[in-house]
file coords_2.txt (compact mmCIF, C-alpha atoms)
# COMPACT_ATOMS: atom_id res chain seq x y z
CA MET Y 1 -50.63 -23.90 11.40
CA THR Y 2 -46.93 -24.26 10.82
CA ARG Y 3 -45.07 -27.16 9.34
CA LYS Y 4 -41.53 -27.90 10.32
CA LEU Y 5 -39.04 -28.25 7.46
CA PRO Y 6 -37.00 -31.44 7.27
CA ALA Y 7 -33.50 -31.18 8.76
CA PRO Y 8 -31.61 -31.18 5.41
CA ALA Y 9 -33.74 -28.28 4.20
CA ARG Y 10 -33.09 -26.34 7.41
CA PHE Y 11 -29.35 -26.94 6.93
CA ALA Y 12 -29.57 -25.78 3.33
CA GLY Y 13 -31.32 -22.63 4.42
CA ALA Y 14 -28.65 -21.92 6.99
CA VAL Y 15 -25.87 -22.38 4.45
CA VAL Y 16 -27.62 -20.09 1.95
CA ALA Y 17 -28.08 -17.47 4.66
CA ALA Y 18 -24.41 -17.73 5.62
CA VAL Y 19 -23.32 -17.33 2.00
CA VAL Y 20 -25.55 -14.28 1.53
CA LEU Y 21 -24.13 -12.83 4.76
CA VAL Y 22 -20.54 -13.37 3.62
CA VAL Y 23 -21.12 -11.96 0.14
CA GLY Y 24 -23.16 -9.05 1.45
CA LEU Y 25 -20.93 -8.04 4.35
CA THR Y 26 -17.36 -8.50 3.21
CA PRO Y 27 -17.10 -5.49 0.88
CA GLY Y 28 -19.18 -3.36 3.22
CA LEU Y 29 -16.89 -3.94 6.19
CA ALA Y 30 -13.80 -3.08 4.17
CA GLN Y 31 -15.33 0.16 2.92
CA ALA Y 32 -16.88 1.23 6.21
CA ALA Y 33 -13.44 1.49 7.82
CA GLU Y 34 -12.26 4.35 5.63
CA ARG Y 35 -13.64 7.72 4.61
CA LEU Y 36 -12.90 9.95 1.67
CA TYR Y 37 -12.36 13.49 2.98
CA TYR Y 38 -11.00 15.34 -0.03
CA ASP Y 39 -11.70 14.91 -3.73
CA GLY Y 40 -10.65 17.83 -5.90
CA ASP Y 41 -8.13 19.35 -8.26
CA ALA Y 42 -4.50 20.13 -7.53
CA THR Y 43 -3.39 23.45 -6.15
CA TYR Y 44 0.22 23.73 -5.09
CA GLY Y 45 0.99 22.84 -1.51
CA GLN Y 46 -2.60 22.65 -0.24
CA LEU Y 47 -3.05 20.88 3.08
CA HIS Y 48 -6.37 19.16 3.72
CA SER Y 49 -7.44 17.63 6.99
CA SER Y 50 -10.13 15.18 7.99
CA PRO Y 51 -13.15 17.12 9.31
CA ASP Y 52 -13.08 16.01 12.96
CA LEU Y 53 -10.67 14.85 15.60
CA TRP Y 54 -10.63 11.11 15.25
CA PRO Y 55 -8.77 8.05 16.52
CA THR Y 56 -6.97 7.58 13.20
CA THR Y 57 -4.78 4.72 12.04
CA GLY Y 58 -3.52 6.37 8.85
CA GLY Y 59 -4.88 6.93 5.39
CA ARG Y 60 -3.96 7.13 1.74
CA VAL Y 61 -3.53 9.79 -0.94
CA ARG Y 62 -3.85 9.37 -4.69
CA THR Y 63 -2.53 12.18 -6.88
CA GLY Y 64 -1.30 10.73 -10.16
CA SER Y 65 2.35 10.37 -11.03
CA ALA Y 66 3.13 14.04 -11.76
CA LEU Y 67 2.59 15.00 -8.12
CA LEU Y 68 4.22 14.01 -4.88
CA PRO Y 69 1.58 12.84 -2.37
CA ILE Y 70 2.02 13.05 1.39
CA ALA Y 71 -0.15 11.32 4.00
CA ARG Y 72 0.20 12.68 7.50
CA THR Y 73 -1.31 12.14 10.95
CA ARG Y 74 -1.22 15.19 13.24
CA ASP Y 75 -2.07 15.30 16.91
CA ILE Y 76 -4.38 17.82 18.56
CA GLY Y 77 -1.44 20.21 18.98
CA GLY Y 78 -0.66 20.14 15.28
CA ARG Y 79 2.48 18.03 15.54
CA THR Y 80 3.19 15.55 12.77
CA VAL Y 81 3.13 12.19 14.53
CA PHE Y 82 3.42 9.96 11.46
CA GLN Y 83 4.02 10.71 7.81
CA ALA Y 84 4.65 8.96 4.50
CA LYS Y 85 5.53 10.56 1.18
CA GLY Y 86 6.19 8.66 -2.00
CA THR Y 87 6.98 9.32 -5.63
CA GLY Y 88 4.57 6.90 -7.29
CA GLY Y 89 1.52 9.16 -7.28
CA TYR Y 90 -0.05 7.00 -4.59
CA VAL Y 91 1.02 6.74 -0.96
CA THR Y 92 -0.45 4.98 2.04
CA LEU Y 93 0.19 5.38 5.76
CA SER Y 94 -0.64 2.78 8.43
CA HIS Y 95 0.08 3.00 12.14
CA GLY Y 96 -1.32 2.23 15.57
CA VAL Y 97 -4.31 4.22 16.81
CA VAL Y 98 -3.62 7.89 17.53
CA TYR Y 99 -6.53 9.29 19.54
CA ASN Y 100 -7.66 12.88 19.04
CA SER Y 101 -5.79 13.27 15.79
CA PHE Y 102 -6.35 14.60 12.30
CA SER Y 103 -5.53 12.76 9.13
CA THR Y 104 -4.14 15.18 6.57
CA CYS Y 105 -3.01 15.05 2.99
CA LEU Y 106 -0.68 17.32 1.07
CA TRP Y 107 0.92 17.25 -2.33
CA THR Y 108 3.69 19.03 -4.13
CA PHE Y 109 4.83 19.10 -7.73
CA SER Y 110 7.88 16.97 -8.35
CA GLN Y 111 8.08 18.35 -11.89
CA PRO Y 112 6.39 21.13 -13.90
CA ILE Y 113 2.92 20.06 -15.04
CA SER Y 114 0.11 21.52 -17.11
CA GLY Y 115 -3.59 20.75 -16.92
CA ALA Y 116 -5.56 19.51 -13.92
CA ALA Y 117 -4.91 16.58 -11.65
CA ASN Y 118 -7.47 14.98 -9.40
CA ILE Y 119 -6.50 14.39 -5.78
CA GLN Y 120 -8.23 11.99 -3.42
CA CYS Y 121 -7.50 11.60 0.29
CA TRP Y 122 -8.89 8.93 2.64
CA TYR Y 123 -8.50 8.31 6.34
CA ARG Y 124 -9.42 5.38 8.55
CA MET C 1 -39.20 -39.32 -0.79
CA ARG C 2 -39.70 -36.39 -3.14
CA LYS C 3 -39.24 -33.92 -0.28
CA LYS C 4 -35.99 -35.63 0.68
CA LEU C 5 -34.72 -35.36 -2.89
CA ILE C 6 -35.57 -31.64 -3.03
CA ALA C 7 -33.90 -31.07 0.31
CA ALA C 8 -30.77 -32.95 -0.79
CA ALA C 9 -30.63 -30.92 -4.01
CA LEU C 10 -30.91 -27.71 -2.00
CA VAL C 11 -28.08 -28.76 0.30
CA GLY C 12 -25.90 -29.71 -2.67
CA SER C 13 -26.40 -26.46 -4.53
CA ALA C 14 -25.94 -24.36 -1.40
CA VAL C 15 -22.66 -26.11 -0.58
CA ALA C 16 -21.52 -25.67 -4.20
CA VAL C 17 -22.26 -21.95 -4.03
CA ALA C 18 -20.43 -21.66 -0.73
CA VAL C 19 -17.40 -23.52 -2.06
CA SER C 20 -17.28 -21.38 -5.21
CA VAL C 21 -17.54 -18.17 -3.17
CA PHE C 22 -14.66 -19.12 -0.88
CA ALA C 23 -12.58 -20.58 -3.72
CA GLY C 24 -13.15 -17.40 -5.71
CA THR C 25 -12.06 -15.22 -2.80
CA ALA C 26 -8.92 -17.23 -2.11
CA GLY C 27 -7.92 -17.30 -5.75
CA ALA C 28 -8.56 -13.62 -6.43
CA ALA C 29 -4.97 -12.46 -5.90
CA PRO C 30 -3.30 -11.98 -9.28
CA THR C 31 -0.09 -13.92 -9.71
CA SER C 32 1.27 -12.58 -12.99
CA PRO C 33 4.62 -10.81 -12.68
CA PRO C 34 4.80 -7.07 -13.37
CA ALA C 35 6.30 -5.66 -16.53
CA GLY C 36 8.74 -3.41 -14.61
CA ARG C 37 12.43 -4.18 -14.53
CA LEU C 38 12.46 -5.90 -11.15
CA ALA C 39 13.34 -9.59 -11.45
CA LEU C 40 13.08 -9.96 -7.68
CA LEU C 41 9.28 -9.92 -7.87
CA ALA C 42 9.27 -12.99 -10.12
CA GLN C 43 11.31 -15.04 -7.67
CA PRO C 44 9.63 -17.61 -5.38
CA GLU C 45 8.48 -16.35 -2.01
CA ARG C 46 10.84 -17.10 0.88
CA ALA C 47 9.90 -17.28 4.57
CA GLN C 48 11.55 -13.92 5.31
CA ASP C 49 9.54 -12.20 2.56
CA ALA C 50 6.30 -12.25 4.57
CA LEU C 51 5.32 -9.08 6.41
CA PRO C 52 5.86 -9.42 10.18
CA ASP C 53 2.82 -9.86 12.42
CA PHE C 54 2.94 -6.32 13.81
CA VAL C 55 2.42 -4.78 10.35
CA PRO C 56 -1.31 -4.19 9.62
CA ALA C 57 -1.52 -6.45 6.57
CA ALA C 58 -5.31 -6.14 6.33
CA GLN C 59 -5.05 -2.35 5.99
CA LEU C 60 -2.36 -2.69 3.36
CA ALA C 61 -4.53 -5.18 1.49
CA ASP C 62 -7.40 -2.66 1.60
CA ASP C 63 -4.94 -0.14 0.12
CA GLY C 64 -4.30 -2.52 -2.79
CA LEU C 65 -1.24 -4.52 -1.73
CA VAL C 66 -1.10 -8.14 -2.92
CA ILE C 67 0.01 -9.58 0.40
CA ASN C 68 1.87 -12.66 -0.88
CA SER C 69 3.79 -10.57 -3.44
CA THR C 70 6.10 -8.94 -0.87
CA ARG C 71 9.84 -9.62 -1.28
CA LEU C 72 12.19 -8.44 1.45
CA LEU C 73 14.73 -5.94 0.10
CA GLY C 74 16.65 -5.44 3.32
CA GLN C 75 16.76 -3.58 6.58
CA ALA C 76 18.82 -0.71 7.92
CA LYS C 77 18.67 1.80 10.76
CA GLY C 78 15.52 0.35 12.30
CA ALA C 79 13.57 0.15 9.03
CA ARG C 80 12.55 -2.80 6.87
CA HIS C 81 11.80 -2.52 3.19
CA TRP C 82 9.92 -4.75 0.74
CA ALA C 83 9.20 -4.68 -2.99
CA ALA C 84 5.67 -5.77 -3.87
CA ARG C 85 2.82 -5.51 -6.34
CA ASP C 86 -0.66 -4.08 -5.97
CA THR C 87 -3.90 -5.44 -7.36
CA ALA C 88 -3.64 -3.12 -10.39
CA GLY C 89 -0.27 -4.60 -11.38
CA ASN C 90 1.77 -1.64 -10.16
CA VAL C 91 5.19 -1.96 -8.57
CA CYS C 92 5.24 -0.96 -4.89
CA LEU C 93 7.75 -0.13 -2.17
CA VAL C 94 6.70 -0.86 1.42
CA THR C 95 8.66 0.49 4.40
CA THR C 96 8.14 -0.10 8.12
CA LEU C 97 9.70 1.63 11.10
CA GLY C 98 9.30 0.06 14.55
CA SER C 99 8.61 -3.46 15.76
CA THR C 100 5.33 -3.47 17.69
CA PRO C 101 1.72 -2.78 16.60
CA ALA C 102 1.55 0.35 18.76
CA GLU C 103 4.79 1.99 17.67
CA GLN C 104 5.09 0.83 14.06
CA VAL C 105 4.45 3.02 11.07
CA THR C 106 4.22 1.57 7.58
CA GLY C 107 4.19 3.46 4.30
CA MET C 108 3.64 2.24 0.77
CA THR C 109 4.00 3.93 -2.60
CA CYS C 110 3.18 2.38 -5.97
CA ALA C 111 3.88 3.26 -9.60
CA SER C 112 3.04 1.77 -12.96
CA PRO C 113 5.76 -0.52 -14.36
CA LYS C 114 6.52 2.12 -17.02
CA ASP C 115 6.95 4.90 -14.44
CA PHE C 116 8.96 2.58 -12.20
CA ASP C 117 11.36 1.76 -15.04
CA ALA C 118 11.85 5.49 -15.74
CA LYS C 119 12.14 6.84 -12.19
CA GLY C 120 12.33 4.01 -9.67
CA LEU C 121 10.37 4.53 -6.46
CA THR C 122 11.27 6.65 -3.47
CA LEU C 123 9.46 6.53 -0.14
CA GLN C 124 10.05 8.52 3.01
CA VAL C 125 8.42 7.30 6.25
CA ALA C 126 8.68 9.28 9.47
CA ARG C 127 7.48 9.28 13.06
CA LEU C 128 8.31 11.56 15.98
CA THR C 129 11.54 9.78 16.84
CA ASP C 130 13.03 8.82 13.48
CA ALA C 131 12.66 8.76 9.70
CA THR C 132 13.88 6.75 6.75
CA GLU C 133 14.15 7.41 3.03
CA ALA C 134 14.37 4.38 0.74
CA HIS C 135 14.84 4.02 -3.01
CA LEU C 136 13.65 0.98 -4.96
CA LEU C 137 15.93 0.71 -8.00
CA PRO C 138 15.07 -1.03 -11.26
CA ASP C 139 17.54 -3.75 -12.24
CA GLY C 140 20.79 -2.40 -13.64
CA TYR C 141 21.56 0.56 -11.36
CA THR C 142 23.32 -1.09 -8.42
CA ALA C 143 26.85 -0.14 -9.45
CA ALA C 144 25.87 3.48 -10.09
CA ALA C 145 24.09 3.65 -6.72
CA GLN C 146 27.20 2.29 -5.00
CA ALA C 147 29.22 5.08 -6.61
CA SER C 148 26.82 7.82 -5.46
CA PRO C 149 27.95 9.63 -2.30
CA GLN C 150 24.32 10.36 -1.38
CA LEU C 151 23.21 6.72 -1.34
CA THR C 152 23.96 3.67 0.79
CA VAL C 153 23.24 0.45 -1.08
CA ILE C 154 21.61 -2.19 1.14
CA SER C 155 20.87 -4.79 -1.54
CA PRO C 156 20.90 -4.84 -5.40
CA ASN C 157 17.52 -3.04 -5.68
CA LEU C 158 17.54 -1.03 -2.44
CA ALA C 159 19.41 2.11 -1.51
CA ILE C 160 18.76 4.51 1.34
CA SER C 161 19.62 8.16 1.77
CA ASP C 162 19.62 10.71 4.57
CA ALA C 163 15.98 11.58 5.30
CA THR C 164 17.02 14.84 6.94
CA ASP C 165 19.34 16.04 4.18
CA GLY C 166 18.26 19.48 2.95
CA SER C 167 19.09 18.82 -0.69
CA THR C 168 16.29 18.61 -3.27
CA ALA C 169 18.37 17.86 -6.36
CA PRO C 170 17.57 14.53 -8.03
CA ILE C 171 20.29 11.90 -7.73
CA PRO C 172 21.50 10.79 -11.20
CA LEU C 173 22.41 7.15 -11.76
CA ALA C 174 24.16 6.01 -14.92
CA PRO C 175 22.75 2.89 -16.57
CA GLY C 176 24.51 -0.44 -16.62
CA ASN C 177 23.90 -4.16 -16.80
CA GLY C 178 20.85 -4.16 -19.08
CA ALA C 179 19.53 -0.68 -18.29
CA THR C 180 19.82 1.79 -21.17
CA SER C 181 18.96 5.23 -19.81
CA GLU C 182 20.01 7.42 -16.92
CA LEU C 183 17.84 7.20 -13.82
CA LYS C 184 17.15 10.38 -11.86
CA ILE C 185 16.10 9.43 -8.35
CA PRO C 186 13.85 12.01 -6.71
CA ASN C 187 15.24 13.47 -3.51
CA LEU C 188 12.38 13.93 -1.05
CA SER C 189 14.34 15.38 1.81
CA ALA C 190 13.04 18.92 1.58
CA ALA C 191 10.08 18.42 -0.74
CA GLY C 192 6.81 19.27 0.96
CA SER C 193 8.11 19.28 4.54

call {"tool": "encode", "arguments": {"input": "coords_2.txt", "output": "structure tokens"}}
result
Amino acid sequence: MTRKLPAPARFAGAVVAAVVLVVGLTPGLAQAAERLYYDGDATYGQLHSSPDLWPTTGGRVRTGSALLPIARTRDIGGRTVFQAKGTGGYVTLSHGVVYNSFSTCLWTFSQPISGAANIQCWYR
Amino acid sequence: MRKKLIAAALVGSAVAVAVSVFAGTAGAAPTSPPAGRLALLAQPERAQDALPDFVPAAQLADDGLVINSTRLLGQAKGARHWAARDTAGNVCLVTTLGSTPAEQVTGMTCASPKDFDAKGLTLQVARLTDATEAHLLPDGYTAAAQASPQLTVISPNLAISDATDGSTAPIPLAPGNGATSELKIPNLSAAGS
């Protein structure tokens, strides 16, 4: 035996469900679009690439201010199609879809440093 | 009657929650000005400050850019440049080459206000056909940038240099107009090919 809820209660339920959906999905969608592919310490001039050929639209690299980060998209032949390098210790790269491409990150030392620096590279 | 009251209370609280969620989302962007020496970022937003439609603003927002903080610095040689802030309060330089979603490439670099005051921000953005190298200058270095043979001043806080120049030596800028120390602009041309 089922009893039908009154219309206002059904509306309230729908609104609550919508709110839960919005709260639950918004952060998830933003995160699902990008992947961390390198997280490690600095070694001079190391190039890291995303693990598979992918239709990439760019990425971002965080190195800290003592290093010069470079975000790069390379095609299947190894050519640099797009690149951004910046001095702030954080650089991002955004472009139209490049099919069958690798997202890569690289960093150099803009000044002598001591100690370790953590590098993180994402692609999307 | 009691059921109707309960139902009405449910509707009211659900709507209140929904309103607070959306109001909270819309109001989440910080509006406080950065501590860096860049008065431009404290100025009211003008129509031309908004990023053009072909720039992937949602991606930049995911990367930390506060979208309504962008202030157009100028354009030259097919590139457009903006100063901006990120959600952590850093000063950012955003550069775009191209004018359609398919061909555009946009780069962004950000530094803490302290680092920005000491070194400015330099960003090089490249694609197969062209490249640009832009320098976001703290207030007080325009005259020195105009005197530098390596720089072309586009606006008081924006200078560009040759992205294909082989030199790696930093470009020194003497202080003036409120700035107190020399600024050494990094030269990215040959750094990390």

call {"tool": "closest_residue", "arguments": {"input": "coords_2.txt", "among": "C:Cys110, C:Leu73, C:Val94, C:Ala88", "to": "chain Y", "atoms": "all atoms listed in the file"}}
result
C:Cys110

call {"tool": "atom_distance", "arguments": {"input": "coords_2.txt", "atom1": "atom CA of C:Pro156", "atom2": "atom CA of C:Gly89"}}
result
22.0 Å

call {"tool": "residues_around", "arguments": {"input": "coords_2.txt", "residues": "stretch 161-165 of chain C", "least_positions_apart": "4", "cutoff": "8 Å", "atoms": "all atoms listed in the file", "output": "ChimeraX atom specification"}}
result
/C:124,131-135,150-152,188-190

call {"tool": "residues_near_point", "arguments": {"input": "coords_2.txt", "point": "(29.8, -4.4, -7.4)", "cutoff": "12 Å", "atoms": "all atoms listed in the file", "output": "list of chain:residue names"}}
result
C:Gly140, C:Tyr141, C:Thr142, C:Ala143, C:Ala144, C:Ala145, C:Gln146, C:Ala147, C:Val153, C:Ser155, C:Pro156, C:Gly176, C:Asn177

call {"tool": "atom_distance", "arguments": {"input": "coords_2.txt", "atom1": "atom CA of Y:Gln120", "atom2": "atom CA of Y:Thr92"}}
result
11.8 Å

call {"tool": "atom_distance", "arguments": {"input": "coords_2.txt", "atom1": "atom CA of C:Val125", "atom2": "atom CA of Y:Cys105"}}
result
14.2 Å

call {"tool": "closest_residue", "arguments": {"input": "coords_2.txt", "among": "C:Ala57, C:Leu173, C:Ala83, C:Leu72", "to": "chain Y", "atoms": "only C-alpha atoms"}}
result
C:Ala57

call {"tool": "residues_around", "arguments": {"input": "coords_2.txt", "residues": "Y:Ser50", "least_positions_apart": "4", "cutoff": "8 Å", "atoms": "all atoms listed in the file", "output": "ChimeraX atom specification"}}
result
/Y:37,102-104,123

call {"tool": "residues_around", "arguments": {"input": "coords_2.txt", "residues": "Y:Trp107", "least_positions_apart": "5", "cutoff": "10 Å", "atoms": "all atoms listed in the file", "output": "JSON, numbers by chain"}}
result
{"Y": [42, 43, 44, 45, 46, 47, 48, 61, 62, 63, 67, 68, 69, 70, 71, 85, 89, 119], "C": [191, 192]}

call {"tool": "closest_residue", "arguments": {"input": "coords_2.txt", "among": "C:Asp62, C:Asp86, C:Asp139, C:Asp115", "to": "Y:Arg60", "atoms": "only C-alpha atoms"}}
result
C:Asp62

call {"tool": "residues_around", "arguments": {"input": "coords_2.txt", "residues": "C:Thr100", "least_positions_apart": "3", "cutoff": "12 Å", "atoms": "all atoms listed in the file", "output": "JSON, numbers by chain"}}
result
{"Y": [95, 96], "C": [52, 53, 54, 55, 56, 96, 97, 103, 104, 105, 106]}

call {"tool": "axis_aligned_box", "arguments": {"input": "coords_2.txt", "around": "stretch 90-97 of chain Y", "padding_each_side": "8 Å", "output": "JSON"}}
result
{"center_x": -1.6, "center_y": 4.6, "center_z": 6.1, "size_x": 21.3, "size_y": 20.8, "size_z": 37.4}

call {"tool": "closest_residue", "arguments": {"input": "coords_2.txt", "among": "Y:Leu53, Y:Val91, Y:Val81, Y:Val97", "to": "Y:Cys121", "atoms": "all atoms listed in the file"}}
result
Y:Val91

call {"tool": "build_atoms", "arguments": {"input": "coords_2.txt", "residues": "stretch 107-131 of chain C", "atoms": "N, CA and C atoms", "output": "compact mmCIF listing (two decimals), in the frame of the given file"}}
result
# COMPACT_ATOMS: atom_id res chain seq x y z
N GLY C 107 4.58 2.69 5.48
CA GLY C 107 4.19 3.46 4.30
C GLY C 107 4.31 2.60 3.06
N MET C 108 3.56 2.96 2.04
CA MET C 108 3.64 2.24 0.77
C MET C 108 3.44 3.25 -0.35
N THR C 109 4.24 3.14 -1.40
CA THR C 109 4.00 3.93 -2.60
C THR C 109 4.07 2.99 -3.80
N CYS C 110 3.27 3.27 -4.81
CA CYS C 110 3.18 2.38 -5.97
C CYS C 110 3.21 3.20 -7.25
N ALA C 111 3.82 2.61 -8.29
CA ALA C 111 3.88 3.26 -9.60
C ALA C 111 3.66 2.22 -10.68
N SER C 112 3.20 2.69 -11.83
CA SER C 112 3.04 1.77 -12.96
C SER C 112 4.41 1.21 -13.34
N PRO C 113 4.47 0.03 -13.94
CA PRO C 113 5.76 -0.52 -14.36
C PRO C 113 6.53 0.44 -15.25
N LYS C 114 5.84 1.17 -16.12
CA LYS C 114 6.52 2.12 -17.02
C LYS C 114 7.16 3.26 -16.21
N ASP C 115 6.40 3.83 -15.28
CA ASP C 115 6.95 4.90 -14.44
C ASP C 115 8.08 4.39 -13.55
N PHE C 116 7.91 3.16 -13.05
CA PHE C 116 8.96 2.58 -12.20
C PHE C 116 10.26 2.43 -12.99
N ASP C 117 10.16 1.93 -14.21
CA ASP C 117 11.36 1.76 -15.04
C ASP C 117 12.05 3.10 -15.29
N ALA C 118 11.28 4.17 -15.41
CA ALA C 118 11.85 5.49 -15.74
C ALA C 118 12.39 6.23 -14.52
N LYS C 119 11.77 6.02 -13.34
CA LYS C 119 12.14 6.84 -12.19
C LYS C 119 12.44 6.06 -10.92
N GLY C 120 12.22 4.74 -10.92
CA GLY C 120 12.33 4.01 -9.67
C GLY C 120 11.22 4.44 -8.72
N LEU C 121 11.35 4.11 -7.47
CA LEU C 121 10.37 4.53 -6.46
C LEU C 121 11.11 5.02 -5.22
N THR C 122 10.69 6.14 -4.71
CA THR C 122 11.27 6.65 -3.47
C THR C 122 10.17 6.84 -2.44
N LEU C 123 10.45 6.44 -1.22
CA LEU C 123 9.46 6.53 -0.14
C LEU C 123 10.15 7.02 1.13
N GLN C 124 9.55 8.03 1.72
CA GLN C 124 10.05 8.52 3.01
C GLN C 124 8.96 8.25 4.06
N VAL C 125 9.35 7.60 5.15
CA VAL C 125 8.42 7.30 6.25
C VAL C 125 9.01 7.90 7.52
N ALA C 126 8.17 8.59 8.29
CA ALA C 126 8.68 9.28 9.47
C ALA C 126 7.71 9.14 10.64
N ARG C 127 8.27 9.15 11.83
CA ARG C 127 7.48 9.28 13.06
C ARG C 127 8.22 10.28 13.94
N LEU C 128 7.73 10.51 15.16
CA LEU C 128 8.31 11.56 15.98
C LEU C 128 9.79 11.33 16.24
N THR C 129 10.18 10.08 16.39
CA THR C 129 11.54 9.78 16.84
C THR C 129 12.54 9.54 15.72
N ASP C 130 12.09 9.13 14.55
CA ASP C 130 13.03 8.82 13.48
C ASP C 130 12.34 8.85 12.11
N ALA C 131 13.17 8.73 11.08
CA ALA C 131 12.66 8.76 9.70
C ALA C 131 13.60 7.96 8.82
